[in-house]
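Chemist: What follows is structure.cif, made up of mmCIF, C-alpha atoms:
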data_structure
#
loop_
_atom_site.label_atom_id
_atom_site.label_comp_id
_atom_site.auth_asym_id
_atom_site.auth_seq_id
_atom_site.Cartn_x
_atom_site.Cartn_y
_atom_site.Cartn_z
CA MET A 1 -31.83 6.96 -41.09
CA ALA A 2 -30.81 10.48 -40.15
CA THR A 3 -33.05 13.35 -41.09
CA SER A 4 -31.51 16.72 -41.76
CA LEU A 5 -32.68 17.94 -38.35
CA GLU A 6 -30.82 15.07 -36.75
CA LYS A 7 -27.76 15.94 -38.80
CA VAL A 8 -27.86 19.55 -37.66
CA VAL A 9 -28.36 18.59 -34.05
CA GLY A 10 -25.60 16.00 -34.37
CA LEU A 11 -23.28 18.60 -35.85
CA ALA A 12 -23.99 21.01 -33.04
CA ARG A 13 -23.50 18.35 -30.39
CA LYS A 14 -20.32 16.93 -31.79
CA ASN A 15 -18.58 20.26 -32.05
CA SER A 16 -19.38 21.24 -28.51
CA LEU A 17 -18.84 18.14 -26.45
CA TRP A 18 -18.22 18.87 -22.80
CA PRO A 19 -15.88 16.17 -21.51
CA LEU A 20 -15.79 14.98 -17.91
CA PRO A 21 -12.24 13.84 -17.27
CA PHE A 22 -12.30 10.96 -14.82
CA ALA A 23 -8.52 10.85 -14.66
CA THR A 24 -7.05 8.34 -12.27
CA SER A 25 -3.47 7.59 -13.36
CA CYS A 26 -0.93 8.10 -16.11
CA CYS A 27 -3.51 8.39 -18.86
CA GLY A 28 -4.76 11.47 -17.01
CA ILE A 29 -1.38 13.07 -17.54
CA GLU A 30 -1.57 12.30 -21.26
CA PHE A 31 -4.99 13.94 -21.25
CA MET A 32 -3.48 17.01 -19.61
CA ALA A 33 -1.02 17.11 -22.50
CA THR A 34 -3.90 16.71 -24.95
CA MET A 35 -5.64 19.68 -23.39
CA GLY A 36 -2.47 21.74 -23.60
CA SER A 37 -1.71 24.02 -26.49
CA HIS A 38 0.49 21.64 -28.47
CA TYR A 39 -2.13 18.96 -29.06
CA ASP A 40 -5.07 21.17 -28.24
CA LEU A 41 -8.32 19.40 -27.60
CA GLY A 42 -10.01 22.81 -27.68
CA ARG A 43 -9.93 22.99 -31.46
CA PHE A 44 -12.49 20.14 -31.55
CA GLY A 45 -14.88 22.09 -29.42
CA ALA A 46 -14.13 20.18 -26.24
CA GLU A 47 -12.52 23.18 -24.63
CA ARG A 48 -14.75 23.41 -21.60
CA VAL A 49 -14.09 20.42 -19.41
CA GLY A 50 -16.50 20.10 -16.53
CA PHE A 51 -16.05 18.16 -13.36
CA SER A 52 -19.72 17.97 -12.65
CA PRO A 53 -21.43 14.97 -14.24
CA ARG A 54 -24.71 16.85 -14.39
CA GLN A 55 -23.36 19.19 -17.05
CA CYS A 56 -21.16 16.96 -19.16
CA ASP A 57 -21.68 14.84 -22.25
CA LEU A 58 -18.60 12.69 -22.50
CA LEU A 59 -17.22 10.69 -19.59
CA MET A 60 -13.57 10.05 -20.27
CA VAL A 61 -12.24 7.38 -17.94
CA MET A 62 -8.48 7.65 -17.97
CA GLY A 63 -6.49 5.39 -15.76
CA THR A 64 -6.64 2.30 -13.61
CA ILE A 65 -9.95 1.75 -11.88
CA ALA A 66 -9.68 -0.36 -8.74
CA LYS A 67 -12.57 -2.56 -7.69
CA LYS A 68 -13.10 -0.26 -4.75
CA MET A 69 -13.46 2.69 -7.15
CA GLY A 70 -16.01 0.85 -9.31
CA PRO A 71 -19.16 1.95 -7.46
CA VAL A 72 -17.91 5.54 -7.46
CA LEU A 73 -17.45 5.49 -11.24
CA ARG A 74 -20.89 3.98 -11.66
CA GLN A 75 -22.39 6.68 -9.48
CA VAL A 76 -20.73 9.37 -11.61
CA TYR A 77 -22.05 7.73 -14.79
CA LEU A 78 -25.57 7.51 -13.36
CA GLN A 79 -25.53 11.19 -12.52
CA MET A 80 -24.90 12.18 -16.13
CA ALA A 81 -27.86 13.33 -18.17
CA GLU A 82 -28.72 11.81 -21.56
CA PRO A 83 -27.30 11.98 -24.19
CA ARG A 84 -24.06 10.75 -22.67
CA TRP A 85 -21.08 8.96 -24.14
CA VAL A 86 -18.25 7.10 -22.43
CA MET A 87 -14.67 6.84 -23.62
CA ALA A 88 -12.27 4.40 -22.02
CA VAL A 89 -8.79 5.81 -22.43
CA GLY A 90 -5.84 3.53 -22.01
CA ALA A 91 -5.33 -0.16 -21.40
CA CYS A 92 -6.35 -0.11 -17.74
CA ALA A 93 -9.76 1.41 -18.36
CA SER A 94 -10.37 -0.81 -21.38
CA SER A 95 -9.39 -4.16 -19.92
CA GLY A 96 -7.42 -3.82 -16.72
CA GLY A 97 -4.18 -3.32 -18.65
CA ILE A 98 -1.07 -4.93 -17.23
CA PHE A 99 -2.73 -5.07 -13.82
CA ASP A 100 -4.39 -8.47 -13.91
CA SER A 101 -4.89 -8.49 -10.17
CA TYR A 102 -7.38 -9.04 -7.38
CA SER A 103 -7.78 -5.34 -6.79
CA VAL A 104 -8.08 -3.89 -10.32
CA LEU A 105 -11.34 -3.83 -12.24
CA GLN A 106 -10.66 -5.65 -15.50
CA GLY A 107 -12.17 -3.05 -17.76
CA ILE A 108 -14.81 -0.43 -17.01
CA ASP A 109 -17.23 -2.12 -19.39
CA GLN A 110 -17.94 -4.50 -16.55
CA ILE A 111 -19.87 -1.73 -14.82
CA ILE A 112 -20.82 0.92 -17.40
CA PRO A 113 -21.47 0.80 -21.16
CA VAL A 114 -18.53 2.18 -23.17
CA ASP A 115 -18.68 3.79 -26.61
CA VAL A 116 -15.05 4.22 -27.62
CA TYR A 117 -11.92 2.46 -26.37
CA VAL A 118 -8.57 4.11 -26.86
CA PRO A 119 -5.77 1.54 -26.53
CA GLY A 120 -2.32 2.46 -25.33
CA CYS A 121 -0.30 2.55 -22.19
CA PRO A 122 -0.58 5.45 -22.17
CA PRO A 123 -2.00 6.41 -25.56
CA ARG A 124 -0.27 9.35 -27.16
CA PRO A 125 -2.29 12.57 -27.27
CA GLU A 126 -2.85 11.89 -30.96
CA GLY A 127 -4.47 8.63 -29.91
CA ILE A 128 -6.78 10.39 -27.49
CA LEU A 129 -7.65 12.89 -30.22
CA ASP A 130 -8.44 9.99 -32.53
CA GLY A 131 -10.77 8.67 -29.84
CA ILE A 132 -12.46 12.06 -29.63
CA LEU A 133 -12.89 12.09 -33.40
CA LYS A 134 -14.54 8.67 -33.25
CA VAL A 135 -16.86 9.88 -30.51
CA GLN A 136 -17.69 12.86 -32.67
CA GLU A 137 -18.58 10.51 -35.50
CA LEU A 138 -20.89 8.59 -33.19
CA VAL A 139 -22.45 11.80 -31.93
CA HIS A 140 -23.03 13.10 -35.43
CA ASN A 141 -24.71 9.97 -36.71
CA GLU A 142 -26.80 9.23 -33.67
CA SER A 143 -30.54 9.22 -34.11
CA LEU A 144 -32.49 11.52 -31.80
CA ARG A 145 -34.69 8.57 -30.81
CA ARG A 146 -31.82 6.29 -29.88
CA ARG A 147 -31.96 6.92 -26.16
CA HIS A 148 -35.63 5.94 -26.09
CA SER A 149 -35.24 2.78 -28.13
CA ALA A 150 -35.78 -0.70 -26.77
CA GLU A 151 -32.27 -1.72 -27.73
CA TYR A 152 -30.71 1.04 -25.65
CA LYS A 153 -32.98 0.24 -22.73
CA SER A 154 -31.96 -3.39 -22.82
CA LEU A 155 -28.30 -2.35 -22.97
CA LEU A 156 -28.73 -0.35 -19.80
CA GLU A 157 -30.66 -3.14 -18.16
CA GLY A 158 -27.74 -5.42 -18.90
CA TYR A 159 -25.70 -3.17 -16.63
CA GLY A 160 -28.39 -2.96 -13.99
CA ILE A 161 -29.21 0.67 -14.80
CA ASP A 162 -32.84 1.56 -15.24
CA MET B 1 28.80 9.86 21.20
CA ALA B 2 26.67 8.38 18.44
CA LEU B 3 24.11 5.70 19.16
CA THR B 4 25.50 2.45 17.79
CA ASN B 5 23.85 -0.89 17.16
CA ASP B 6 25.93 -2.42 19.95
CA THR B 7 24.60 0.11 22.46
CA ILE B 8 21.04 -0.60 21.41
CA LYS B 9 21.58 -4.34 21.65
CA THR B 10 23.17 -4.06 25.10
CA ARG B 11 20.32 -1.89 26.42
CA LEU B 12 17.69 -4.25 25.02
CA THR B 13 19.32 -7.42 26.40
CA GLN B 14 19.73 -5.70 29.79
CA LYS B 15 16.00 -5.13 29.87
CA PHE B 16 14.59 -8.21 28.15
CA GLY B 17 17.37 -10.77 28.35
CA GLU B 18 17.01 -13.96 26.40
CA ALA B 19 13.50 -13.13 25.13
CA LEU B 20 14.93 -11.25 22.16
CA THR B 21 16.50 -13.52 19.56
CA GLN B 22 17.77 -13.65 15.99
CA TRP B 23 19.94 -10.57 16.12
CA GLU B 24 20.99 -9.58 12.60
CA GLU B 25 22.39 -6.52 10.89
CA PRO B 26 21.40 -6.65 7.22
CA PHE B 27 22.85 -3.57 5.49
CA GLY B 28 23.76 -2.04 8.82
CA MET B 29 20.22 -1.94 10.25
CA LEU B 30 19.82 -3.80 13.54
CA SER B 31 17.06 -6.37 13.41
CA PHE B 32 15.73 -8.76 16.08
CA THR B 33 12.79 -10.96 16.94
CA ALA B 34 10.59 -10.68 20.01
CA PRO B 35 7.90 -13.01 21.34
CA LYS B 36 4.47 -11.70 20.45
CA ASP B 37 3.24 -10.98 23.99
CA LEU B 38 6.20 -8.67 24.55
CA ASN B 39 5.68 -6.52 21.46
CA LEU B 40 4.07 -3.57 23.26
CA LYS B 41 6.62 -3.71 26.08
CA VAL B 42 9.49 -3.57 23.59
CA LEU B 43 7.86 -0.69 21.70
CA GLN B 44 7.23 1.21 24.93
CA PHE B 45 10.77 0.66 26.16
CA LEU B 46 12.26 1.85 22.87
CA PHE B 47 9.98 4.91 23.04
CA ASP B 48 10.53 5.91 26.66
CA ASP B 49 14.24 5.29 27.04
CA ASP B 50 16.15 8.57 26.88
CA GLU B 51 19.18 7.08 25.24
CA LEU B 52 17.31 4.99 22.63
CA LYS B 53 14.49 7.42 21.75
CA PHE B 54 12.85 5.38 18.95
CA ARG B 55 9.83 7.60 18.71
CA PHE B 56 8.79 7.26 15.08
CA LEU B 57 7.05 4.21 13.65
CA THR B 58 8.11 4.14 10.02
CA ASP B 59 6.36 0.98 8.96
CA LEU B 60 4.24 -1.86 10.24
CA GLN B 61 3.79 -4.79 7.90
CA ALA B 62 3.42 -8.53 7.80
CA VAL B 63 5.10 -11.36 5.93
CA HIS B 64 3.60 -14.77 5.30
CA TYR B 65 5.95 -17.75 5.59
CA PRO B 66 3.74 -20.70 4.65
CA ASN B 67 6.38 -23.34 5.38
CA ASP B 68 7.22 -22.21 8.93
CA LYS B 69 4.47 -24.10 10.75
CA GLY B 70 3.47 -22.37 13.97
CA ARG B 71 5.15 -19.13 12.96
CA GLU B 72 3.54 -18.38 9.62
CA LEU B 73 2.78 -14.69 9.97
CA ALA B 74 5.52 -12.25 10.93
CA VAL B 75 4.53 -8.71 11.90
CA VAL B 76 7.46 -6.39 11.22
CA TYR B 77 7.92 -3.01 12.91
CA HIS B 78 10.37 -0.43 11.56
CA LEU B 79 11.28 2.30 14.06
CA HIS B 80 13.32 5.42 13.56
CA ASN B 81 15.24 7.55 16.04
CA LEU B 82 14.86 11.00 14.50
CA VAL B 83 17.40 12.69 16.77
CA ASP B 84 20.35 10.35 16.14
CA ASN B 85 19.12 9.11 12.75
CA VAL B 86 19.20 5.42 13.60
CA ARG B 87 16.75 2.83 12.30
CA ILE B 88 15.85 -0.49 13.83
CA ARG B 89 13.57 -3.38 12.87
CA PHE B 90 11.88 -5.94 15.01
CA LYS B 91 9.60 -8.83 14.19
CA VAL B 92 7.04 -10.82 16.08
CA PHE B 93 5.90 -14.18 14.79
CA THR B 94 2.45 -15.57 15.19
CA ASP B 95 0.78 -18.70 13.90
CA ILE B 96 -1.89 -18.53 11.27
CA GLU B 97 -4.60 -20.30 13.30
CA ASN B 98 -4.68 -17.61 16.00
CA PRO B 99 -3.05 -14.55 14.49
CA ASP B 100 -3.61 -12.28 17.49
CA VAL B 101 -1.10 -9.52 18.12
CA PHE B 102 -1.44 -6.58 20.49
CA SER B 103 -2.17 -3.33 18.70
CA ALA B 104 0.31 -0.46 18.84
CA THR B 105 -2.34 2.22 18.30
CA ALA B 106 -2.18 3.40 21.91
CA LEU B 107 1.45 4.33 21.41
CA TYR B 108 1.60 5.33 17.73
CA GLN B 109 -1.30 6.95 15.86
CA SER B 110 0.18 5.88 12.55
CA ALA B 111 -0.22 2.26 13.54
CA ASN B 112 -3.98 2.65 13.11
CA TRP B 113 -4.14 2.49 9.32
CA MET B 114 -1.02 0.36 8.99
CA GLU B 115 -2.61 -2.32 11.17
CA ARG B 116 -5.84 -2.08 9.20
CA GLU B 117 -3.85 -2.68 6.01
CA THR B 118 -2.05 -5.63 7.63
CA TYR B 119 -5.41 -7.06 8.69
CA ASP B 120 -6.86 -6.49 5.22
CA PHE B 121 -4.08 -8.31 3.39
CA TYR B 122 -2.85 -10.96 5.85
CA GLY B 123 -5.60 -11.42 8.39
CA VAL B 124 -3.58 -10.48 11.47
CA ASN B 125 -6.00 -9.68 14.26
CA PHE B 126 -4.80 -6.71 16.27
CA ILE B 127 -6.19 -6.83 19.80
CA GLY B 128 -7.21 -3.43 21.06
CA HIS B 129 -7.47 -1.78 17.66
CA PRO B 130 -10.33 0.79 17.63
CA ASN B 131 -11.63 0.00 14.14
CA LEU B 132 -10.20 -3.14 12.57
CA ILE B 133 -11.92 -3.30 9.18
CA ARG B 134 -10.70 -3.51 5.59
CA VAL B 135 -9.11 -0.37 4.27
CA LEU B 136 -7.74 -0.88 0.75
CA ASN B 137 -9.79 -3.80 -0.55
CA VAL B 138 -13.53 -3.90 -1.17
CA ASP B 139 -15.51 -4.53 1.99
CA GLU B 140 -17.13 -7.68 0.60
CA MET B 141 -13.83 -9.46 0.08
CA ASP B 142 -13.83 -12.62 2.15
CA TYR B 143 -10.20 -13.69 1.97
CA PHE B 144 -6.79 -12.20 2.73
CA PRO B 145 -5.16 -11.67 -0.67
CA MET B 146 -1.46 -11.33 0.20
CA ARG B 147 -1.28 -14.78 1.75
CA LYS B 148 0.82 -17.01 -0.42
CA GLN B 149 -1.90 -19.49 -1.37
CA TYR B 150 -3.90 -16.93 -3.35
CA PRO B 151 -2.90 -16.06 -6.92
CA LEU B 152 -2.30 -12.49 -7.99
CA GLU B 153 -4.55 -12.62 -11.02
CA ASP B 154 -8.21 -11.78 -11.07
CA GLN B 155 -9.98 -15.12 -11.21
CA SER B 156 -13.11 -13.84 -12.89
CA ARG B 157 -11.50 -13.36 -16.30
CA VAL B 158 -12.44 -15.98 -18.85
CA ASP B 159 -10.57 -14.71 -21.89
CA LYS B 160 -7.00 -15.08 -20.71
CA ASP B 161 -6.11 -18.73 -21.05
CA ASP B 162 -2.89 -20.20 -19.73
CA GLU B 163 -1.65 -21.19 -23.18
CA MET B 164 -1.61 -17.62 -24.46
CA PHE B 165 -0.31 -16.03 -21.30
CA GLY B 166 2.14 -18.64 -20.16
CA ARG B 167 0.94 -18.99 -16.59
#
Could you spell out this file's structure in structure tokens?
Modeler:
Amino acid sequence: MATSLEKVVGLARKNSLWPLPFATSCCGIEFMATMGSHYDLGRFGAERVGFSPRQCDLLMVMGTIAKKMGPVLRQVYLQMAEPRWVMAVGACASSGGIFDSYSVLQGIDQIIPVDVYVPGCPPRPEGILDGILKVQELVHNESLRRRHSAEYKSLLEGYGID
Amino acid sequence: MALTNDTIKTRLTQKFGEALTQWEEPFGMLSFTAPKDLNLKVLQFLFDDDELKFRFLTDLQAVHYPNDKGRELAVVYHLHNLVDNVRIRFKVFTDIENPDVFSATALYQSANWMERETYDFYGVNFIGHPNLIRVLNVDEMDYFPMRKQYPLEDQSRVDKDDEMFGR
């Protein structure tokens, strides 16, 4: 149950998300188009992309993640400060995509918890914007105590993060 | 006078004689097979000779022929003569029980990572390689994935059943 303080904080957070683009392949190019002036991610407040996990709220994983890249992605996620959200953009990040192979990680949710999945190969910029809107909805309605709750702790433990 | 495939073949047979076999010219590129103990000698000869001048190693790869008992793994070298713009290919065959081949890293620096990749995917052991460890796959992988007996698909998935995906 969200108090009005939580709503205000949620409103502030959602309109100033700082994304961390973890762009690996083609979906990264679609993200570049989304950041461009035609589709403009900046109008949602996510203008300032950072490449340092310490400063960012939203980890956007865009592209194929190989099994060798898995530990690197996990390290980046662990370096982010709470509250943090993860968006898996594209089929490869969500489930391995068309690359059902010995070298491709079949979805990043095998190593980190994901909040929003954007399907597509690659998703159109409108699709990525839709994903951002869904993340904004999650951010707005999140309780301030969520990150300290037992449920969240057990979610992280499920991934081996403590 | 341009360097032709016939000239290359004549020079090579003058030096190595009957050791080099299976001369072919698919799409105009001369291709032959050498016994595996001669691979460095052939590479060195092609490098040093002032008429042949094959001084660029374009590619070093392997092929797995599971039905050719005794000659399952072929290591393929692609060389390029940059001055006359001529390419050549030669193969050495080795059996899968003892896949030892001499490493070309002393002659070509580029062979370093290419041989590591060949080891990673096919298991070819390059003798004399300075650092023969996996390069593209995860270090904990315990098999050689490009060998024909291993499937392409990730075996840890439980949601893709054969009925839906027609495998």
Chemist: Go through A:Ala23, A:Ile108, A:Leu17, A:Cys92 one by one, measure the shortest atom-to-atom distance of each to Leu138 of chain A using all atoms listed in the file, and give the residue with the smallest value.
Modeler: A:Leu17
Chemist: Enumerate, as number ranges by chain, the residues matched when the PyMOL selection byres ((chain B) within 8 of (chain A)) is run on the file above.
Modeler: B: 136-138, 145, 152-155, 157
Chemist: Write out as a ChimeraX atom specification each polymer residue whose atoms come within 8 Å of segment 8-12 of chain A, counting only C-alpha atoms; drop sequence neighbours fewer than 6 positions from it.
Modeler: /A:139-142
Chemist: Determine, counting all atoms listed in the file, which protein, DNA and RNA residues have an atom within 9 Å of an atom of Leu73 of chain B; residues of the same chain fewer than 2 positions away are not included. Present the result as a list in words.
Modeler: Ala62, Val63, His64, Tyr65, Pro66, Asp68, Gly70, Arg71, Val75, Val92, Phe93, Thr94, Asp95, Ile96, Pro99, Tyr122 and Val124 of chain B
Chemist: I would like the residues chosen by the PyMOL selection byres ((chain B and resi 42) around 12) on the shown file; could you give them as a ChimeraX atom specification?
Modeler: /B:11-13,15-17,19-20,32-41,43-49,52,54,77,79,89-92,102,104,107
Chemist: Considering all atoms listed in the file, give me a table of residues in segment 69-147 of chain A that are at most 10 Å from segment 28-35 of chain A, with the closest atom pair and distance in Å for each, as JSON lines.
Modeler:
{"residue": "A:Val89", "atom": "CA", "partner": "A:Gly28", "partner_atom": "CA", "distance": 8.8}
{"residue": "A:Gly90", "atom": "CA", "partner": "A:Gly28", "partner_atom": "CA", "distance": 9.4}
{"residue": "A:Cys121", "atom": "CA", "partner": "A:Glu30", "partner_atom": "CA", "distance": 9.9}
{"residue": "A:Pro122", "atom": "CA", "partner": "A:Glu30", "partner_atom": "CA", "distance": 7.0}
{"residue": "A:Pro123", "atom": "CA", "partner": "A:Glu30", "partner_atom": "CA", "distance": 7.3}
{"residue": "A:Arg124", "atom": "CA", "partner": "A:Glu30", "partner_atom": "CA", "distance": 6.7}
{"residue": "A:Pro125", "atom": "CA", "partner": "A:Thr34", "partner_atom": "CA", "distance": 5.0}
{"residue": "A:Glu126", "atom": "CA", "partner": "A:Thr34", "partner_atom": "CA", "distance": 7.8}
{"residue": "A:Gly127", "atom": "CA", "partner": "A:Thr34", "partner_atom": "CA", "distance": 9.5}
{"residue": "A:Ile128", "atom": "CA", "partner": "A:Thr34", "partner_atom": "CA", "distance": 7.4}
{"residue": "A:Leu129", "atom": "CA", "partner": "A:Thr34", "partner_atom": "CA", "distance": 7.5}
Chemist: Tell me which protein, DNA and RNA residues are within 12 Å of Arg147 of chain A, counting all atoms listed in the file, leaving out same-chain ones fewer than 2 positions away, and put them as a list in words.
Modeler: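 Within the cut-off, the hits are Ala81, Glu82, Pro83, Arg84, Trp85, Glu142, Ser143, Leu144, Arg145, Ser149, Ala150, Glu151, Tyr152, Lys153, Ser154, Leu155 and Leu156 of chain A.
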Chemist: Report as JSON lines: every residue of segment 15-132 of chain B with an atom at most 10 Å from segment 3-8 of chain B, its closest pair of atoms, and their distance in Å to one decimal, counting all atoms listed in the file, with rows sorted by chain and ascending residue number.
Modeler:
{"residue": "B:Glu25", "atom": "CA", "partner": "B:Asn5", "partner_atom": "CA", "distance": 8.6}
{"residue": "B:Gly28", "atom": "CA", "partner": "B:Asn5", "partner_atom": "CA", "distance": 8.4}
{"residue": "B:Met29", "atom": "CA", "partner": "B:Asn5", "partner_atom": "CA", "distance": 7.9}
{"residue": "B:Leu30", "atom": "CA", "partner": "B:Asn5", "partner_atom": "CA", "distance": 6.1}
{"residue": "B:Ser31", "atom": "CA", "partner": "B:Asn5", "partner_atom": "CA", "distance": 9.5}
{"residue": "B:Leu46", "atom": "CA", "partner": "B:Ile8", "partner_atom": "CA", "distance": 9.2}
{"residue": "B:Glu51", "atom": "CA", "partner": "B:Leu3", "partner_atom": "CA", "distance": 7.9}
{"residue": "B:Leu52", "atom": "CA", "partner": "B:Ile8", "partner_atom": "CA", "distance": 6.8}
{"residue": "B:Asn81", "atom": "CA", "partner": "B:Leu3", "partner_atom": "CA", "distance": 9.6}
{"residue": "B:Val83", "atom": "CA", "partner": "B:Leu3", "partner_atom": "CA", "distance": 10.0}
{"residue": "B:Asp84", "atom": "CA", "partner": "B:Leu3", "partner_atom": "CA", "distance": 6.7}
{"residue": "B:Asn85", "atom": "CA", "partner": "B:Leu3", "partner_atom": "CA", "distance": 8.8}
{"residue": "B:Val86", "atom": "CA", "partner": "B:Leu3", "partner_atom": "CA", "distance": 7.4}
{"residue": "B:Arg87", "atom": "CA", "partner": "B:Asn5", "partner_atom": "CA", "distance": 9.4}
{"residue": "B:Ile88", "atom": "CA", "partner": "B:Asn5", "partner_atom": "CA", "distance": 8.7}
Chemist: Which residues come within 9 Å of Pro19 of chain A, counting only C-alpha atoms, excluding same-chain residues fewer than 3 positions away, as a list in words?
Modeler: Ala46, Glu47, Arg48, Val49, Gly50, Phe51, Cys56, Asp57, Leu58, Leu59 and Met60 of chain A
Chemist: If we count only C-alpha atoms, what is near Val116 of chain A at a cut-off of 9 Å, once residues fewer than 4 positions away on the same chain are taken out, given as a list in words?
Modeler: Trp85, Val86, Met87, Ala88, Val89, Gly131, Ile132, Lys134 and Val135 of chain A
Chemist: Name the closest residue to Leu133 of chain A among the candidates A:Leu5, A:Leu41, A:Leu20, A:Val76; distances are taken between atoms, counting only C-alpha atoms.
Modeler: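 Going through A:Leu5, A:Leu41, A:Leu20, A:Val76 one by one, the smallest distance to Leu133 of chain A is for A:Leu41.
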Chemist: Find, counting all atoms listed in the file, the residue in B:His129, B:Arg134, B:Lys69, B:His80 that gets nearest to Lys53 of chain B.
Modeler: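 Among the listed residues, the smallest separation from Lys53 of chain B belongs to B:His80.
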Chemist: One decimal, in Å: what's the spacing between atom CA of Cys26 of chain A and atom CA of Leu73 of chain A?
Modeler: 17.4 Å
Chemist: Would you work out the distance separating atom CA of Glu157 of chain A from atom CA of Tyr77 of chain A, expressed in Å to one decimal?
Modeler: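 About the pair atom CA of Glu157 of chain A and atom CA of Tyr77 of chain A: they are 14.3 Å apart.
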Chemist: For this structure, which residues satisfy the selection - the PyMOL selection byres ((chain A and resi 159) around 8) - when it is evaluated on the file as given? I want them as a list in words.
Modeler: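 When the PyMOL selection byres ((chain A and resi 159) around 8) is applied, the selected residues are Gln110, Ile111, Ile112, Pro113, Leu155, Leu156, Glu157, Gly158, Gly160 and Ile161 of chain A.
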Chemist: So what do you get for atom CA of Thr64 of chain A versus atom CA of Asp159 of chain B, distance-wise?
Modeler: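 Calculated distance between atom CA of Thr64 of chain A and atom CA of Asp159 of chain B is 19.3 Å.
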Chemist: Taking only C-alpha atoms into account, name the residue in B:Ile133, B:Ile127, B:Leu82, B:Met146 that is nearest to Arg55 of chain B.
Modeler: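 Distance minimum relative to Arg55 of chain B lands on B:Leu82.
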Chemist: Which residue out of B:Thr58, B:Gln14, B:Ser156, B:Thr21 has the minimum interatomic distance to Met114 of chain B when all atoms listed in the file are used?
Modeler: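 Under the stated criterion, the closest residue is B:Thr58.
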